[in-house]
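**Q** Sharing a structure, written as structure tokens. Questions coming.
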Amino acid sequence: MTLPDDGGRAGSAAEAGPPVVEPAVPLGRARVVVAGYGVTGRAVAAALAGRVARVVTVDARADDADVRLPPPGESRALDDVVAGLIANADLVVASPGWPPSSPLLVAAGAAGIPVWSEIELAWRLRVKETLGSDGAGSRPALGSDGAGPRPALGSDGAGPRPALGSDGAGPRPAPWLAVTGTNGKTTTVEMLDSILTAAGLRSAAVGNVGRPLIEAVLDPELDVLAVELSSFQLHHTHTMSPRAAAVLNIAPDHIDWHGSFDAYAADKGRIYERVQVACVYNKTDPRTEELVRAADVAEGARAVGFVAGVPGPGDVGLVEDVLVDRAFHLPADDPARHGSAAELGTLADLAHLAGGGTPPAHVVANALAAAALARAHGVPAAAVRDGLRAFTPGDHRIQRVAEIDDVAYVNDSKATNAHAAAASLAGFPHGTVVWVAGGLAKGADFDELVAGRADRLRAAVVIGADAGPITGALARHAPQIPVVRIDPGDTGTVMRRAVSAARGLARAGDTVLLAPAGASMDQFASYAARGEAFAAAVRQEAADDDAGAGAPDTTRDTT
């Protein structure tokens, strides 16, 4: 994709990409192997029931899967099972937890059997939305002439128009506004969903958050989908063509799954392929711009940058305390375009996300990315403001749990990598954080994180089965701060002991912050379970204090 200097329309897509691998038979006659029988696999199997010739579910742990994979140590038995599955399959749909190196997926590739993600399957199974009472469709936003989808509404701020097909004559599947990135995906998608709802659209936040995408695309009542996509989900996605897409940022993560940082970034960049209206990228992260430049997009799609600072022409950004749009405020051929902007809101509209104070830069950046995607869908500026005001973040993201003895306890369990933990730590004053960190490193190191945020730390409490990467970085870059290592032996009491240790290190005015910088699966079922364990431990500390305060005084005055 060519990035125009003024952020206007880009050039046309490249001539042709690599051919998409299709099943040897039509999907309706295909024998489908569903690899993984967790949340995604179950949703996929349910969606395929009655739509294909046969569905076989496979899992290494789920007892109710059709086929139970032998453990890796039983190589001969595993090879036999995989060979039997591949011999009777036309298509494999892989759950995101299955890396490309999985024996079943390797065997499928060797046999010329296509591997799809849930996202690829969902794109192909989309249903058309239901017509409104006037027969003109539901309510996604179109251009001001009502003749088809356009990047933005005109300056009159006219509201959303009925959903029409490319010929303006009938209903179509709900368009996708897609988001990926190393951090901020869930927050941005939920902000976007709030904005779309404020515009009067029937929207849903789906994909890697909320409802499985494969279920949502079969719902004819939805006007538009705000889709969170992980690199895992994008890896086996081949034909998706979103209305608009954003890559928020790129930092090392999931190297163990992808094999290298470049492979991880390339899979993130797949979200831009075949974009119809706008590729939204981070002006402060050059790698996201590189991914836009490498993408093959629809004719007329534009590149739109977001920045928590003054935007250039064709971008969205921040001027003093005002969020502004210089991309979709006027038609591309309007001569007044370059010297004007549309106001989308102010920092005051985000203050509730920072305890009433000034929102940190990463929150502003997420809001701008969500706004750009919404504007690409034609949402009025006023709906951006209203949606941001109405947005409330989900659990386990900078969630204040309690205050005990003038010390705040904050749950940011969703900070599952170094980049997210750095953003979390940046939101607190210098020298005031007792950092609860640790978990699965996923092939990452933490030197840059600790070196860049050591000034925020009063102390650290390290959890996780393998504490070496975190404790090593702390020893190298923050040797002056006390570090407590929590014995991983009793998993059930890990968080209770961590919170107790953190409380002993904190002083009045400090924050005990759970921002682990690692995945949770070494000691917890999920990041949510980890956050809930932290919150429960904090509440227990408070309850113990209350019980102690209410106990009778049994001491004697011996003076």
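Ligands are numbered from 1 in the order shown, chains are lettered A, B, ... in the order of the structure tokens, and residues start at 1 in each chain.
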So which residues of region 148-374 of chain A fall under strand (DSSP E or B) by DSSP, listed as a PyMOL selection string?
**A** chain A and resi 173+176-180+203-207+211+224-228+244-247+278-282+302-306+316-319+322-325+342-346
**Q** List as a short mmCIF file (atom, residue, chain, number, x, y, z; two decimals) with N, CA, C and O atoms, in the first residue's frame the protein and nucleic acid residues near Gly317 (chain A), meaning an atom at most 12 Å away when only C-alpha atoms are counted, but skip any in the same chain fewer than 5 places from it.
**A**
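Writing done, so here's result.cif:
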data_model
loop_
_atom_site.label_atom_id
_atom_site.label_comp_id
_atom_site.auth_asym_id
_atom_site.auth_seq_id
_atom_site.Cartn_x
_atom_site.Cartn_y
_atom_site.Cartn_z
N TYR A 281 -2.82 3.27 11.67
CA TYR A 281 -1.53 2.86 12.22
C TYR A 281 -1.03 3.89 13.23
O TYR A 281 -1.51 5.02 13.31
N ASN A 282 -0.03 3.49 14.01
CA ASN A 282 0.51 4.29 15.10
C ASN A 282 1.67 5.13 14.58
O ASN A 282 2.72 4.59 14.19
N LYS A 283 1.52 6.44 14.58
CA LYS A 283 2.55 7.33 14.04
C LYS A 283 3.85 7.26 14.84
O LYS A 283 4.91 7.64 14.33
N THR A 284 3.79 6.80 16.09
CA THR A 284 4.99 6.72 16.91
C THR A 284 5.63 5.33 16.87
O THR A 284 6.62 5.10 17.56
N VAL A 304 -4.27 6.05 7.63
CA VAL A 304 -4.61 7.07 8.62
C VAL A 304 -3.78 6.82 9.87
O VAL A 304 -3.90 5.76 10.50
N GLY A 305 -2.95 7.77 10.23
CA GLY A 305 -2.15 7.64 11.44
C GLY A 305 -2.86 8.22 12.65
O GLY A 305 -3.68 9.13 12.53
N PHE A 306 -2.53 7.67 13.83
CA PHE A 306 -3.02 8.28 15.08
C PHE A 306 -1.81 8.60 15.95
O PHE A 306 -0.82 7.88 15.96
N VAL A 307 -1.91 9.71 16.67
CA VAL A 307 -0.80 10.15 17.51
C VAL A 307 -1.34 10.98 18.66
O VAL A 307 -2.25 11.79 18.47
N ALA A 308 -0.80 10.76 19.85
CA ALA A 308 -1.22 11.54 21.03
C ALA A 308 -0.47 12.86 21.03
O ALA A 308 0.19 13.24 22.01
N GLY A 309 -0.55 13.56 19.93
CA GLY A 309 0.08 14.85 19.71
C GLY A 309 -0.58 15.49 18.52
O GLY A 309 -1.61 15.03 18.02
N VAL A 310 0.00 16.57 18.00
CA VAL A 310 -0.61 17.30 16.89
C VAL A 310 -0.57 16.45 15.64
O VAL A 310 0.51 16.02 15.21
N PRO A 311 -1.73 16.18 15.01
CA PRO A 311 -1.76 15.32 13.82
C PRO A 311 -1.43 16.09 12.55
O PRO A 311 -1.72 17.28 12.43
N GLY A 312 -0.86 15.39 11.60
CA GLY A 312 -0.68 15.96 10.27
C GLY A 312 -1.94 15.79 9.46
O GLY A 312 -2.92 15.17 9.90
N VAL A 322 -7.71 18.61 23.03
CA VAL A 322 -8.81 18.27 22.13
C VAL A 322 -8.40 17.13 21.20
O VAL A 322 -7.35 17.20 20.54
N LEU A 323 -9.21 16.08 21.11
CA LEU A 323 -9.03 15.01 20.15
C LEU A 323 -9.60 15.48 18.82
O LEU A 323 -10.77 15.88 18.75
N VAL A 324 -8.78 15.43 17.75
CA VAL A 324 -9.22 15.99 16.48
C VAL A 324 -9.03 14.99 15.35
O VAL A 324 -8.15 14.13 15.37
N ASP A 325 -9.86 15.17 14.33
CA ASP A 325 -9.86 14.33 13.13
C ASP A 325 -9.49 15.20 11.93
O ASP A 325 -10.22 16.14 11.59
N ARG A 326 -8.35 14.87 11.31
CA ARG A 326 -7.97 15.54 10.07
C ARG A 326 -7.98 14.55 8.89
O ARG A 326 -7.39 14.82 7.86
N ALA A 327 -8.67 13.43 9.09
CA ALA A 327 -8.72 12.41 8.04
C ALA A 327 -10.08 12.29 7.38
O ALA A 327 -10.18 12.17 6.17
N ALA A 341 -10.22 20.73 10.75
CA ALA A 341 -10.29 19.48 11.50
C ALA A 341 -11.65 19.41 12.17
O ALA A 341 -12.34 20.43 12.35
N ALA A 342 -12.04 18.19 12.57
CA ALA A 342 -13.27 18.00 13.33
C ALA A 342 -12.91 17.65 14.77
O ALA A 342 -12.01 16.84 15.01
N GLU A 343 -13.60 18.26 15.71
CA GLU A 343 -13.38 17.95 17.13
C GLU A 343 -14.13 16.66 17.47
O GLU A 343 -15.34 16.55 17.24
N LEU A 344 -13.40 15.70 18.06
CA LEU A 344 -13.98 14.41 18.42
C LEU A 344 -14.28 14.29 19.91
O LEU A 344 -15.03 13.39 20.31
N GLY A 345 -13.68 15.14 20.70
CA GLY A 345 -13.85 15.06 22.15
C GLY A 345 -12.68 15.77 22.81
O GLY A 345 -11.85 16.40 22.14
N THR A 346 -12.61 15.66 24.11
CA THR A 346 -11.51 16.26 24.86
C THR A 346 -10.96 15.25 25.86
O THR A 346 -11.56 14.19 26.10
N LEU A 347 -9.84 15.61 26.47
CA LEU A 347 -9.26 14.74 27.49
C LEU A 347 -10.22 14.57 28.67
O LEU A 347 -10.20 13.54 29.35
N ALA A 361 -0.87 8.54 28.20
CA ALA A 361 -0.75 8.60 26.74
C ALA A 361 -1.31 7.36 26.06
O ALA A 361 -1.91 7.46 24.98
N VAL A 364 -5.06 7.64 25.68
CA VAL A 364 -5.40 8.58 24.62
C VAL A 364 -5.18 7.96 23.24
O VAL A 364 -6.00 8.08 22.33
N ALA A 365 -4.06 7.24 23.09
CA ALA A 365 -3.77 6.60 21.81
C ALA A 365 -4.84 5.56 21.46
O ALA A 365 -5.30 5.48 20.31
N ASN A 366 -5.26 4.78 22.45
CA ASN A 366 -6.31 3.79 22.19
C ASN A 366 -7.61 4.47 21.75
O ASN A 366 -8.30 4.01 20.83
N ALA A 367 -7.94 5.57 22.42
CA ALA A 367 -9.17 6.30 22.07
C ALA A 367 -9.10 6.86 20.65
O ALA A 367 -10.08 6.82 19.91
N LEU A 368 -7.94 7.36 20.26
CA LEU A 368 -7.78 7.90 18.91
C LEU A 368 -7.88 6.80 17.85
O LEU A 368 -8.48 7.00 16.78
N ALA A 369 -7.30 5.64 18.14
CA ALA A 369 -7.41 4.53 17.19
C ALA A 369 -8.86 4.08 17.04
O ALA A 369 -9.33 3.85 15.92
N ALA A 370 -9.57 3.98 18.16
CA ALA A 370 -10.98 3.62 18.09
C ALA A 370 -11.78 4.65 17.32
O ALA A 370 -12.65 4.32 16.50
N ALA A 371 -11.47 5.92 17.56
CA ALA A 371 -12.16 7.00 16.86
C ALA A 371 -11.91 6.93 15.35
O ALA A 371 -12.83 7.11 14.54
N ALA A 372 -10.67 6.66 14.95
CA ALA A 372 -10.35 6.59 13.52
C ALA A 372 -11.12 5.46 12.85
O ALA A 372 -11.64 5.62 11.73
#
**Q** Find the residue from A:Pro72, A:Glu228, A:Ala94, A:Gly184 that sits nearest to Ala204 (chain A); use only C-alpha atoms when measuring.
**A**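 The answer is A:Glu228, which sits nearest to Ala204 (chain A).
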**Q** In Å, rounded to a single decimal, give me how far CA of Val52 (chain A) is from CA of Ala24 (chain A).
**A** 13.3 Å
**Q** May I have the residues within 9 Å of Ala30 (chain A) as a ChimeraX atom specification, using only C-alpha atoms and disregarding those fewer than 3 positions away in the same chain?
**A** /A:23-27,52-55,89-91
**Q** Go ahead and save the residues from that selection, with N, CA and C atoms, as a tab-separated table (two decimals), in the first residue's frame.
**A**
chain	number	residue	atom	x	y	z
A	23	PRO	N	-10.18	-25.85	0.11
A	23	PRO	CA	-10.43	-27.29	0.18
A	23	PRO	C	-10.65	-27.87	-1.21
A	24	ALA	N	-10.37	-29.15	-1.34
A	24	ALA	CA	-10.52	-29.81	-2.64
A	24	ALA	C	-11.97	-29.99	-3.03
A	25	VAL	N	-12.86	-29.85	-2.07
A	25	VAL	CA	-14.30	-29.98	-2.34
A	25	VAL	C	-14.99	-28.73	-1.80
A	26	PRO	N	-16.20	-28.42	-2.24
A	26	PRO	CA	-16.94	-27.29	-1.67
A	26	PRO	C	-17.11	-27.48	-0.15
A	27	LEU	N	-17.19	-26.37	0.56
A	27	LEU	CA	-17.24	-26.43	2.01
A	27	LEU	C	-18.41	-27.30	2.49
A	52	VAL	N	-21.43	-28.77	6.92
A	52	VAL	CA	-20.39	-29.52	6.23
A	52	VAL	C	-20.73	-31.01	6.31
A	53	ALA	N	-19.98	-31.82	5.60
A	53	ALA	CA	-20.28	-33.25	5.56
A	53	ALA	C	-20.02	-33.93	6.89
A	54	ARG	N	-18.92	-33.55	7.55
A	54	ARG	CA	-18.57	-34.20	8.80
A	54	ARG	C	-17.64	-33.31	9.61
A	55	VAL	N	-17.80	-33.32	10.92
A	55	VAL	CA	-16.93	-32.57	11.83
A	55	VAL	C	-16.32	-33.55	12.81
A	89	ALA	N	-9.58	-35.97	5.96
A	89	ALA	CA	-9.90	-34.55	6.14
A	89	ALA	C	-9.75	-33.79	4.84
A	90	ASP	N	-10.62	-32.82	4.64
A	90	ASP	CA	-10.50	-31.87	3.53
A	90	ASP	C	-10.09	-30.49	4.02
A	91	LEU	N	-10.25	-30.25	5.33
A	91	LEU	CA	-9.99	-28.94	5.90
A	91	LEU	C	-9.71	-29.10	7.39
**Q** With distances taken over only C-alpha atoms, which residue among A:Ile250, A:Leu225, A:Val538, A:Ala415 lies nearest Thr197 (chain A)?
**A** A:Leu225
